[in-house]
Each structure stands twice: as C-alpha cells, then as structure tokens.
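Undergrad: work-v6.cif is the file, holding mmCIF, C-alpha atoms:
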```cif
data_upload
loop_
_atom_site.label_atom_id
_atom_site.label_comp_id
_atom_site.auth_asym_id
_atom_site.auth_seq_id
_atom_site.Cartn_x
_atom_site.Cartn_y
_atom_site.Cartn_z
CA MET A 19 96.36 105.55 85.95
CA GLN A 20 96.91 107.71 89.00
CA LYS A 21 99.70 106.48 91.19
CA ILE A 22 98.97 106.51 94.88
CA PHE A 23 101.95 107.24 97.02
CA ILE A 24 102.39 105.30 100.18
CA ASN A 25 101.91 108.31 102.41
CA GLN A 26 98.53 108.96 100.76
CA GLN A 27 97.12 105.53 101.56
CA SER A 28 94.88 104.91 104.54
CA ASP A 29 96.02 102.97 107.59
CA GLU A 30 93.87 100.01 106.54
CA GLN A 31 95.31 100.00 102.99
CA LEU A 32 98.82 100.01 104.38
CA MET A 33 98.01 97.17 106.74
CA ILE A 34 96.55 95.15 103.85
CA GLN A 35 99.84 95.59 102.00
CA VAL A 36 101.66 94.28 105.04
CA MET A 37 99.30 91.31 105.17
CA GLU A 38 99.45 90.39 101.49
CA HIS A 39 102.99 91.39 100.49
CA HIS A 40 104.89 91.52 103.79
CA SER A 41 105.58 95.15 102.83
CA HIS A 42 108.20 96.77 105.01
CA PRO A 43 107.70 100.29 103.53
CA ALA A 44 104.01 100.10 104.50
CA LEU A 45 104.93 99.12 108.04
CA VAL A 46 107.49 101.91 108.25
CA GLU A 47 104.80 104.40 107.18
CA LEU A 48 102.46 103.09 109.91
CA HIS A 49 105.31 103.50 112.38
CA ARG A 50 105.76 107.09 111.26
CA ARG A 51 102.09 107.80 111.87
CA TYR A 52 101.58 106.04 115.21
CA ALA A 53 104.90 105.64 116.98
CA LYS A 54 104.75 108.91 118.92
CA LYS A 55 101.15 108.45 119.97
CA LEU A 56 101.88 104.89 121.09
CA LEU A 57 104.99 106.05 122.92
CA GLY A 58 102.92 108.60 124.87
CA TYR A 59 100.34 105.93 125.68
CA PHE A 60 102.97 103.49 126.91
CA VAL A 61 104.70 106.15 129.02
CA LYS A 62 101.40 106.92 130.79
CA MET A 63 100.52 103.27 131.20
CA LEU A 64 103.98 102.18 132.38
CA ASN A 65 104.34 104.71 135.18
CA GLY A 66 106.59 107.04 133.21
CA ASP A 67 109.21 104.42 132.33
CA ILE A 68 110.47 105.89 129.04
CA ASP A 69 113.01 103.19 128.19
CA ARG A 70 110.44 100.49 128.65
CA ALA A 71 107.95 102.49 126.60
CA GLN A 72 110.47 102.72 123.74
CA ASP A 73 110.95 98.94 123.84
CA PHE A 74 107.20 98.47 123.77
CA VAL A 75 106.87 100.66 120.67
CA GLN A 76 109.51 98.60 118.89
CA ASP A 77 107.90 95.38 120.05
CA ILE A 78 104.37 96.29 118.99
CA PHE A 79 105.35 96.81 115.36
CA LEU A 80 107.14 93.47 115.30
CA ARG A 81 103.94 91.96 116.65
CA LEU A 82 101.96 93.63 113.89
CA LEU A 83 104.23 91.86 111.42
CA GLU A 84 103.86 88.49 113.12
CA LYS A 85 100.10 88.69 113.67
CA LYS A 86 99.17 90.53 110.49
CA HIS A 87 96.82 87.69 109.56
CA LEU A 88 94.66 88.62 112.58
CA PHE A 89 93.86 92.11 111.27
CA ASP A 90 90.27 92.58 110.13
CA PRO A 91 90.25 95.04 107.17
CA GLU A 92 86.63 95.90 108.02
CA LYS A 93 87.71 97.51 111.28
CA LYS A 94 89.83 100.53 112.06
CA PHE A 95 93.57 100.01 112.29
CA TYR A 96 94.10 102.33 115.28
CA THR A 97 91.55 100.53 117.46
CA TRP A 98 93.28 97.23 116.67
CA VAL A 99 96.77 98.55 117.43
CA PHE A 100 95.66 100.11 120.71
CA THR A 101 94.00 96.83 121.69
CA ILE A 102 97.33 95.12 121.24
CA ALA A 103 99.02 97.94 123.16
CA GLY A 104 96.58 97.56 126.03
CA ASN A 105 97.14 93.82 126.20
CA MET A 106 100.90 94.36 126.27
CA CYS A 107 100.54 96.73 129.22
CA LYS A 108 98.20 94.33 130.97
CA THR A 109 100.71 91.48 130.91
CA SER A 110 103.47 93.71 132.23
CA TYR A 111 101.42 95.73 134.74
CA ARG A 112 103.27 96.56 137.94
CA GLN A 113 101.84 98.54 140.86
CA PRO A 114 104.35 101.11 142.17
CA ALA A 115 104.82 100.57 145.88
CA TYR A 116 105.73 104.13 146.74
CA GLN A 117 102.75 105.80 145.10
CA SER A 118 100.69 106.80 148.16
CA LEU A 119 103.61 108.23 150.09
CA THR A 120 104.70 110.26 147.11
CA ILE A 121 101.26 111.85 146.77
CA ASN A 122 101.38 112.80 150.45
CA GLU A 123 104.81 114.36 150.08
CA GLU A 124 103.76 116.27 147.02
CA LEU A 125 100.72 117.68 148.74
CA HIS A 126 102.80 119.21 151.53
CA ARG A 127 105.87 120.27 149.57
CA SER A 128 105.33 123.67 147.97
CA SER A 129 103.82 126.69 149.62
CA PRO A 130 100.26 127.72 148.79
CA GLY A 131 99.60 130.71 146.54
CA GLU A 132 102.08 129.80 143.78
CA ASN A 133 99.48 128.94 141.16
CA LEU A 134 101.82 127.79 138.42
CA ALA A 135 103.78 125.60 140.73
CA GLU A 136 100.54 124.37 142.26
CA LYS A 137 99.22 123.48 138.85
CA GLU A 138 102.33 121.51 138.00
CA ARG A 139 102.18 119.78 141.36
CA PHE A 140 98.58 118.92 140.73
CA HIS A 141 99.47 117.36 137.41
CA ARG A 142 102.18 115.30 139.02
CA LEU A 143 99.69 114.14 141.61
CA MET A 144 97.29 113.17 138.86
CA GLU A 145 99.99 111.16 137.11
CA GLN A 146 100.75 109.30 140.28
CA SER A 147 97.09 108.78 141.02
CA VAL A 148 96.56 107.35 137.53
CA ALA A 149 99.53 105.05 138.05
CA GLY A 150 97.87 103.71 141.18
CA LEU A 151 94.70 102.61 139.41
CA GLU A 152 94.01 99.02 138.44
CA HIS A 153 94.83 98.15 134.85
CA HIS A 154 91.34 98.24 133.31
CA HIS A 155 90.44 101.50 135.11
CA ARG A 156 93.71 103.12 134.11
CA THR A 157 93.31 101.99 130.49
CA VAL A 158 89.92 103.63 130.02
CA PHE A 159 91.04 106.82 131.82
CA VAL A 160 94.15 107.21 129.66
CA LEU A 161 92.30 106.43 126.44
CA ARG A 162 89.47 108.83 127.25
CA TYR A 163 91.16 111.86 128.80
CA LEU A 164 94.77 111.63 127.65
CA GLU A 165 94.40 110.06 124.20
CA HIS A 166 90.93 111.53 123.49
CA PHE A 167 89.25 108.43 122.10
CA SER A 168 85.45 108.36 121.93
CA LEU A 169 83.49 106.09 124.24
CA ASN A 170 82.58 103.77 121.34
CA GLU A 171 86.20 103.52 120.25
CA ILE A 172 87.27 102.73 123.80
CA ALA A 173 84.61 100.00 123.93
CA GLU A 174 86.04 98.51 120.71
CA ILE A 175 89.65 98.74 121.92
CA THR A 176 88.96 97.19 125.31
CA GLU A 177 86.49 94.70 123.83
CA ALA A 178 83.91 95.71 126.46
CA SER A 179 80.38 97.11 126.32
CA LEU A 180 79.66 100.85 126.36
CA GLY A 181 78.07 100.58 129.79
CA THR A 182 81.15 98.81 131.14
CA VAL A 183 83.42 101.56 129.79
CA LYS A 184 81.32 104.28 131.44
CA SER A 185 81.21 102.36 134.70
CA ARG A 186 84.98 101.97 134.72
CA LEU A 187 85.47 105.67 133.96
CA PHE A 188 83.18 106.65 136.80
CA TYR A 189 85.00 104.34 139.21
CA ALA A 190 88.44 105.58 138.05
CA THR A 191 87.63 109.26 138.57
CA ARG A 192 85.93 108.53 141.88
CA LYS A 193 88.99 106.62 143.12
CA MET A 194 91.27 109.48 142.12
CA THR A 195 89.19 112.11 143.89
CA GLU A 196 89.14 110.00 147.04
CA GLN A 197 92.94 109.70 146.92
CA LEU A 198 93.50 113.41 146.36
CA GLN A 199 90.98 114.42 149.02
CA ALA A 200 92.27 112.00 151.63
CA PHE A 201 95.62 113.68 152.23
CA ASP A 202 94.64 117.35 152.41
CA PRO A 203 91.17 118.56 153.37
CA ARG A 204 92.07 121.99 152.00
CA TYR A 205 92.93 120.53 148.62
CA GLU A 206 89.45 120.88 147.35
CA THR A 207 89.60 124.63 147.70
CA ASN A 208 92.96 124.82 145.97
CA LEU A 209 91.73 122.63 143.17
CA PHE A 210 88.87 124.94 142.43
CA LYS A 211 91.30 127.85 142.40
CA LEU A 212 93.54 126.11 139.86
CA LEU A 213 90.64 125.47 137.58
CA MET B 142 75.65 98.81 140.08
CA GLU B 143 77.30 99.13 136.67
CA GLN B 144 74.12 100.63 135.28
CA HIS B 145 74.04 103.29 138.03
CA GLU B 146 77.73 104.13 137.53
CA ALA B 147 77.23 104.51 133.77
CA ARG B 148 74.31 106.92 134.27
CA LEU B 149 76.20 108.91 136.90
CA PHE B 150 79.15 109.18 134.55
CA ASP B 151 76.91 110.53 131.77
CA LEU B 152 75.59 113.20 134.15
CA LEU B 153 79.10 114.11 135.40
CA GLU B 154 80.41 114.58 131.85
CA SER B 155 77.42 116.55 130.60
CA LYS B 156 75.82 118.57 133.43
CA ASP B 157 76.90 120.76 136.31
CA PHE B 158 75.24 120.07 139.63
CA SER B 159 73.09 123.18 139.26
CA GLU B 160 71.81 121.96 135.87
CA LEU B 161 70.40 118.66 137.19
CA THR B 162 66.63 118.15 137.10
CA ALA B 163 64.68 117.29 140.19
CA GLU B 164 64.54 113.63 139.28
CA GLU B 165 68.27 113.60 138.54
CA LEU B 166 69.00 115.36 141.85
CA VAL B 167 67.13 112.64 143.69
CA TYR B 168 68.95 109.97 141.72
CA VAL B 169 72.42 111.51 142.23
CA GLY B 170 71.66 112.12 145.90
CA GLU B 171 71.43 108.37 146.47
CA TYR B 172 75.13 107.89 145.59
CA LEU B 173 76.99 111.22 145.87
CA THR B 174 76.85 114.38 147.96
CA GLU B 175 76.91 117.75 146.21
CA ASP B 176 80.59 118.28 147.13
CA GLU B 177 81.54 114.86 145.84
CA TYR B 178 79.66 115.45 142.59
CA ARG B 179 81.32 118.84 142.07
CA PHE B 180 84.80 117.59 142.88
CA GLN B 181 84.59 114.56 140.66
CA GLN B 182 83.29 116.69 137.82
CA GLN B 183 86.13 119.15 138.24
CA LEU B 184 88.66 116.34 138.18
CA ILE B 185 87.21 115.03 134.92
CA ARG B 186 87.46 118.47 133.34
CA ALA B 187 91.01 118.91 134.60
CA ALA B 188 91.97 115.58 133.08
CA GLN B 189 90.37 116.56 129.77
CA ASP B 190 92.46 119.73 129.64
CA TRP B 191 95.61 118.08 130.93
CA ALA B 192 96.76 115.87 128.01
CA PRO B 193 100.48 115.84 128.85
CA GLU B 194 102.61 115.68 125.72
CA VAL B 195 105.53 113.30 125.63
CA GLU B 196 108.45 115.38 124.41
CA ILE B 197 110.72 112.51 123.52
CA GLU B 198 110.82 111.07 119.99
CA PRO B 199 110.34 107.36 119.30
CA LEU B 200 113.37 105.39 118.19
CA PRO B 201 113.64 104.33 114.51
CA LEU B 202 111.93 101.09 113.68
CA LYS B 203 114.24 98.08 113.41
CA LEU B 204 112.73 95.38 111.25
CA PRO B 205 114.12 91.86 110.76
CA GLU B 206 116.05 91.28 107.56
CA ALA B 207 113.96 90.55 104.50
CA VAL B 208 113.44 86.82 104.35
CA GLY B 209 112.82 84.64 101.36
CA PRO B 210 109.68 82.58 100.89
CA LEU B 211 111.32 79.58 102.48
CA ARG B 212 112.25 81.39 105.67
CA ARG B 213 109.08 83.42 106.03
CA SER B 214 107.03 82.64 109.08
CA ILE B 215 103.58 81.22 108.49
CA PRO B 216 100.60 80.90 110.78
CA LEU B 217 100.44 77.79 112.93
CA TYR B 218 97.32 76.44 111.22
CA GLN B 219 99.11 76.47 107.83
CA ALA B 220 102.03 74.52 109.27
CA LEU B 221 99.64 71.95 110.74
CA LEU B 222 97.80 71.65 107.42
CA ALA B 223 101.11 71.02 105.63
CA VAL B 224 102.05 68.26 108.08
CA ALA B 225 98.60 66.66 107.69
CA ALA B 226 98.92 66.78 103.89
CA VAL B 227 102.30 65.03 104.02
CA ILE B 228 100.88 62.29 106.26
CA VAL B 229 97.90 61.76 103.92
CA LEU B 230 100.21 61.53 100.86
CA PHE B 231 102.43 59.03 102.64
CA VAL B 232 99.46 56.81 103.51
CA VAL B 233 98.01 56.96 100.00
CA LEU B 234 101.22 56.56 97.98
CA ARG B 235 103.21 54.12 100.11
CA PRO B 236 104.54 51.07 98.18
CA PHE B 237 102.56 47.89 98.34
CA ARG B 238 103.88 45.39 100.76
CA GLU B 239 105.09 42.14 99.50
CA THR B 240 102.65 39.42 100.22
CA VAL B 241 104.16 36.90 102.50
CA LEU B 242 102.52 33.56 102.32
CA ALA B 243 101.88 31.95 105.58
CA PRO B 244 103.90 28.80 106.05
CA VAL B 245 101.94 25.76 105.10
CA GLU B 246 102.32 22.77 107.26
CA ASN B 247 102.93 19.31 105.97
CA VAL B 248 104.29 20.35 102.61
CA GLU B 249 106.23 17.72 100.76
CA PRO B 250 109.49 18.85 99.10
CA LEU B 251 109.40 19.25 95.32
CA THR B 252 112.64 17.33 94.88
CA LYS B 253 113.19 14.08 96.72
CA ILE B 254 116.60 12.57 97.10
CA LYS B 255 116.96 9.03 98.26
CA THR B 256 120.44 7.86 99.06
CA GLU B 257 121.61 4.28 99.09
CA ILE B 258 125.07 2.83 99.54
CA VAL B 259 125.60 -0.16 97.34
CA HIS B 260 128.90 -1.75 98.34
CA ASP B 261 131.30 0.99 97.24
CA THR B 262 128.95 3.15 95.33
CA VAL B 263 126.67 5.72 96.68
CA VAL B 264 123.43 5.78 94.75
CA GLN B 265 121.13 8.76 94.86
CA TYR B 266 117.63 8.57 93.53
CA ILE B 267 116.48 12.09 92.63
CA SER B 268 112.82 12.63 91.97
CA LYS B 269 112.17 15.99 90.33
CA THR B 270 108.97 17.80 89.71
CA ASP B 271 108.77 20.19 86.83
CA THR B 272 105.16 21.14 87.28
CA VAL B 273 104.15 23.08 90.37
CA VAL B 274 100.56 23.27 91.44
CA LEU B 275 99.72 24.95 94.69
CA ARG B 276 99.11 22.26 97.28
CA GLU B 277 99.55 19.60 94.59
CA LYS B 278 102.58 17.75 93.37
CA VAL B 279 102.94 15.74 90.15
CA PRO B 280 106.13 13.71 89.90
CA MET B 281 107.22 13.54 86.28
CA ARG B 282 110.40 11.48 86.08
CA GLN B 283 112.96 9.75 88.04
CA GLU B 284 116.67 10.17 87.50
CA VAL B 285 119.38 8.00 88.93
CA VAL B 286 122.70 9.67 89.65
CA HIS B 287 125.76 7.66 90.58
CA VAL B 288 128.27 9.70 92.57
CA PRO B 289 131.64 8.04 93.18
CA VAL B 290 133.05 8.34 96.66
CA THR B 291 135.94 10.86 96.91
CA ALA B 292 139.60 10.25 98.03
CA ASN B 293 138.54 10.65 101.64
CA SER B 294 137.03 7.20 101.47
CA GLU B 295 139.29 4.19 102.27
CA ARG B 296 137.36 1.73 100.26
CA SER B 297 138.47 0.72 96.83
CA ASP B 298 136.43 1.79 93.95
CA HIS B 299 134.98 -1.34 92.42
CA ARG B 300 132.61 -0.81 89.69
CA PRO B 301 130.78 -3.28 87.75
CA ALA B 302 131.81 -3.36 84.10
CA GLY B 303 129.31 -3.75 81.31
CA GLY B 304 126.72 -6.47 80.88
CA LYS B 305 123.75 -7.16 82.94
CA GLY B 306 123.62 -8.72 86.24
CA SER B 307 121.90 -11.92 86.99
CA ASN B 308 118.85 -10.14 88.01
CA GLY B 309 118.67 -8.40 84.69
CA VAL B 310 119.70 -5.05 86.06
CA LYS B 311 121.77 -3.11 83.62
CA PRO B 312 124.82 -1.54 85.17
CA ALA B 313 124.17 2.11 85.72
CA GLU B 314 125.95 4.52 83.43
CA GLU B 315 128.28 6.91 85.01
CA LEU B 316 126.90 10.44 84.97
CA ILE B 317 129.54 13.00 84.12
CA LEU B 318 128.77 16.31 85.72
CA PRO B 319 129.72 19.30 83.55
CA GLY B 320 132.65 21.39 84.66
CA THR B 321 133.91 18.84 87.12
CA ASP B 322 136.41 15.95 87.14
CA ASN B 323 133.57 13.62 87.73
CA THR B 324 133.99 13.70 91.42
CA MET B 325 131.84 15.44 93.90
CA GLU B 326 132.38 16.18 97.50
CA LEU B 327 129.41 14.99 99.41
CA PRO B 328 130.26 15.27 103.07
CA GLU B 329 127.00 13.83 104.22
CA LEU B 330 127.49 10.82 101.93
CA ASN B 331 131.09 10.43 102.96
CA GLU B 332 129.95 10.31 106.52
CA ALA B 333 127.38 7.73 105.62
CA ALA B 334 129.98 5.71 103.67
CA MET B 335 132.47 5.77 106.52
CA ARG B 336 129.89 4.78 109.06
CA ASN B 337 130.74 1.47 110.55
CA GLU B 338 127.47 -0.26 110.86
CA GLY B 339 129.03 -3.60 111.30
CA GLN B 340 126.93 -5.32 108.66
CA SER B 341 127.53 -8.94 107.92
CA MET B 342 128.73 -9.83 104.44
CA ARG B 343 125.96 -12.35 104.40
CA LYS B 344 123.52 -9.57 103.96
CA ASP B 345 125.47 -8.07 101.17
CA GLU B 346 123.46 -8.06 98.00
CA THR B 347 126.01 -6.49 95.74
CA TYR B 348 126.58 -9.86 94.10
CA GLN B 349 123.72 -8.94 91.89
CA LEU B 350 125.93 -6.36 90.23
CA ILE B 351 128.75 -8.73 89.51
CA PRO B 352 128.48 -9.99 85.95
CA ALA B 353 128.22 -13.72 85.41
CA GLY B 354 131.50 -15.53 85.06
CA ARG B 355 133.51 -13.18 87.13
CA GLY B 356 134.37 -13.85 90.69
CA TRP B 357 136.75 -12.93 93.37
#
```
Kindly transcribe the structure held in the file into structure tokens.
TA:
Amino acid sequence: MQKIFINQQSDEQLMIQVMEHHSHPALVELHRRYAKKLLGYFVKMLNGDIDRAQDFVQDIFLRLLEKKHLFDPEKKFYTWVFTIAGNMCKTSYRQPAYQSLTINEELHRSSPGENLAEKERFHRLMEQSVAGLEHHHRTVFVLRYLEHFSLNEIAEITEASLGTVKSRLFYATRKMTEQLQAFDPRYETNLFKLL
Amino acid sequence: MEQHEARLFDLLESKDFSELTAEELVYVGEYLTEDEYRFQQQLIRAAQDWAPEVEIEPLPLKLPEAVGPLRRSIPLYQALLAVAAVIVLFVVLRPFRETVLAPVENVEPLTKIKTEIVHDTVVQYISKTDTVVLREKVPMRQEVVHVPVTANSERSDHRPAGGKGSNGVKPAEELILPGTDNTMELPELNEAAMRNEGQSMRKDETYQLIPAGRGW
C-alpha cells in the first residue's frame, strides 16, 4: 500500500483530516501553503497594517479549527478560507481619514520625468485609492487584480452572483480613476507614459 | 444598472476602444466618453500588472494544546442534543412517586379506648380490630385492662378481693404488663383521677364491687 505523505495530499484531504481527527499536522501543512498568501491579502485589505494582518492570519487558522464542521468537502478549500478572510476584514473595516489628502500630496511631491519614481508613486497612489474603497468593492478588486482569482471563484468567495461581481469591479475601477483624475488634470498623460 | 455595469466591465477587460463594434460604441457612448473608457481600461491593466508582493514572512502557527476527548469543543447543536437527551432520560426513568391517599373524612379509629374511673380504679375498655377492610371496620373482641393509679394519686388503693359481687360481676383480674412493675404512668388518667368533680357518695355505685359480708 502506497503511503501518502501529508505534503502530497490535497487541501480538501487535509481539511477532512482536521474535521475527522482534529489533526494538527494537517492544519500546520495548510498554514504552510496559505499563510503568506493570506498575509498579503490581509495587508492589502487592512490598509497596510502588518501587525494586524499577522494577527488575522493566526486567528483565521484557529477559526478553521473551531468551525471545521462547516467545511463542505465538495467545494474548494481556498474559496472557503478566503470567504472567512473576507468576513473577518468586513467586521473590522476602518476607513482611513487621511486618504484623500495623502493622494493629493503624493501627486505633487516628486518632479515629472523620473519614470521609476513616478511608477512607484503611482503604485502608492493606487494602494491608497484601494484603501479608500468600500469593503465589497475593495474585496473584489483585491481578489481579482492582486490575488488573481477568476470571476467565478470571486463569486463563490463573496457569495454573490457573477453579474454582481462584474458590476462591483466596474464601479471600483471607475471610482479609482475618478479619484486619480480629480487631483491632477495632467495625470492622465503621465499615466499613459508609465504604461 | 448592474446589468449595464457588468457588460461595460466585460468590454473594458477584453477590448480596446478602437476594437469596439458600432453597436458597442453606441452602447458605451451612453455611459462613458472615449477618454474615460481609455483611462479606466489602462487602470485595470496597471492593476493586473501591479500585484505587489508582501516581503514579510508570516509568523509560525500557534495552536492550542492538544485536548482530550472530554475537553474538546463540540458544536452547539451537539451540546443541545446532549442536554435534551439527559432531560428525556430523567423524565422516563424517574422513580415512581409514593401514592398518598387523600384523607378520608369521618373515619372511625381502629382501636377504641373507653376510660372509666370506678372508685379508686381506672378501668379502660379497649376495643381492637384485627381485620382491616378499607372503609369497613369489624370489631373482633373486647379486652378489659385494669390500670392501677400511680403514686401521684392520693387515694388509697382499695381493690376488691375475690368472689363475685352482688350483681354477679366477677372481680376483674389484674393484668400484669410484661417488663413493668405492674404500674403504668397515665398522665391523662391521673388528671382524670385527681379531678374534683364533687360527686356525692350517694351516686357511688362501687358498692357493687364489695363482696357480700364485708363492710366498712
């Protein structure tokens, strides 16, 4: 009989072991596979608060242990864990008060013509613009463009229809372009140069 | 509105403005200008290429200590089922209650005691029943018990001796109670004996107990 090592088992098989046998090694293996990805997700969703993101990663795996009976083996583990992650961010969502002013300062800080610096500045502006979105718009934007989930997977994670996911993505990107355009009419030209 | 936004999003992700068909141009033109379409599309592509990597490593996982089966947490519904099962077992297996008969009114006592004071002797007539029938009583025999008055009494103890009285009544035999010195403390009888009712000696019928030939 071929022995299957724990690192060769699928996510769903590991989660079943956690459900049936309260297996800590299986949970540790899941942590090894998903902790960094979840940490990146939490950092983006929690406005760059790394300490809080670390606490959330620790907390989510304890929740997996407590609510293991809620896992449906017919579904994908990663969609389930990101659903839990999204709900955790939703309950602790805080709008940063300084966001708009910071975008304005960033737009007028560095001198034009320094493409690398401009590109980095643009990315910072995007981060701040994402942080200013409402929770459900920010969730779909991060899952789609920063975590690279498919539209169907995002619909499963957010427990919404495909049309709703697309609508939220459209609104999120539209809101961000309006914010970035509002502070510097020349920004559009620079943006096209960066890309 | 959601339907329009979903279709616009599909076009933004898949087609440049120059690639739109005539029908799509008309459709997009209702919601976005060309500059808006181009800028939003560029932002989407910039976000797709952005993907900032988090350079920090996650902290090691800290799990609670391994717990035994008794300390393991269980879902709420299992806990509620266990409580319900205990309640059902308690109701089914509880001991039977003792049946308490309701008090019956007007029940005559099984043993009747009639007390009479004859001169210096207290006579008790005890009627006992040795057969008990619910709501029925069958008296079987009658027993006469003579109980001498104790030292608390001031009267002398005169007892008739042998023979029959003039009325043919045989003197009662003294009943010796086992384990006693043939005396019995009967406070209620002592109280009755000491009661001064002020009866006239004319009404005294104890002469019947005095054997013939004997007098004062």
Undergrad: Can you translate the PyMOL selection byres ((chain B) within 9 of (chain A)) into the concrete residues it hits in this file, as a ChimeraX atom specification?
TA: /B:142-151,153,177,180-205,207,214-216
Undergrad: Could you state the separation of atom CA of A:Val158 and atom CA of A:Ala178 in Å, given to one decimal place?
TA: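 We find that atom CA of A:Val158 and atom CA of A:Ala178 lie 10.6 Å from each other.
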Undergrad: Rounded to one decimal place, report the atom CA of B:Leu166-atom CA of A:Phe167 distance in Å.
TA: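 Interatomic distance, atom CA of B:Leu166 to atom CA of A:Phe167: 29.1 Å.
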Undergrad: Tell me which protein, DNA and RNA residues are within 8 Å of A:Trp98, counting all atoms listed in the file, leaving out same-chain ones fewer than 4 positions away, and put them as a list in words.
TA: Phe89, Lys93, Lys94, Ile102 and Ile175 of chain A
Undergrad: Show me as a short mmCIF file (atom, residue, chain, number, x, y, z; two decimals) with C-alpha atoms, in the frame of the given file the residues that reach within 9 Å of (101.0, 107.2, 136.5), counting all atoms listed in the file and using the file's own coordinates.
TA:
```
data_model
loop_
_atom_site.label_atom_id
_atom_site.label_comp_id
_atom_site.auth_asym_id
_atom_site.auth_seq_id
_atom_site.Cartn_x
_atom_site.Cartn_y
_atom_site.Cartn_z
CA VAL A 61 104.70 106.15 129.02
CA LYS A 62 101.40 106.92 130.79
CA MET A 63 100.52 103.27 131.20
CA LEU A 64 103.98 102.18 132.38
CA ASN A 65 104.34 104.71 135.18
CA GLY A 66 106.59 107.04 133.21
CA PRO A 114 104.35 101.11 142.17
CA GLN A 117 102.75 105.80 145.10
CA ARG A 142 102.18 115.30 139.02
CA LEU A 143 99.69 114.14 141.61
CA MET A 144 97.29 113.17 138.86
CA GLU A 145 99.99 111.16 137.11
CA GLN A 146 100.75 109.30 140.28
CA SER A 147 97.09 108.78 141.02
CA VAL A 148 96.56 107.35 137.53
CA ALA A 149 99.53 105.05 138.05
CA GLY A 150 97.87 103.71 141.18
CA LEU A 151 94.70 102.61 139.41
CA ARG A 156 93.71 103.12 134.11
#
```
Undergrad: By how many Å are atom CA of A:Phe74 and atom CA of A:Ser28 apart?
TA: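 Here the two named atoms are 23.7 Å from each other.
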Undergrad: If you take every atom of stretch 153-156 of chain B that the file lists and fit an axis-aligned box around them with 6 Å extra on each side, what centre and edge lengths come out in Å to one decimal, as AutoDock Vina command-line options?
TA:
```
--center_x 78.1 --center_y 116.3 --center_z 133.0 --size_x 16.6 --size_y 16.5 --size_z 16.8
```
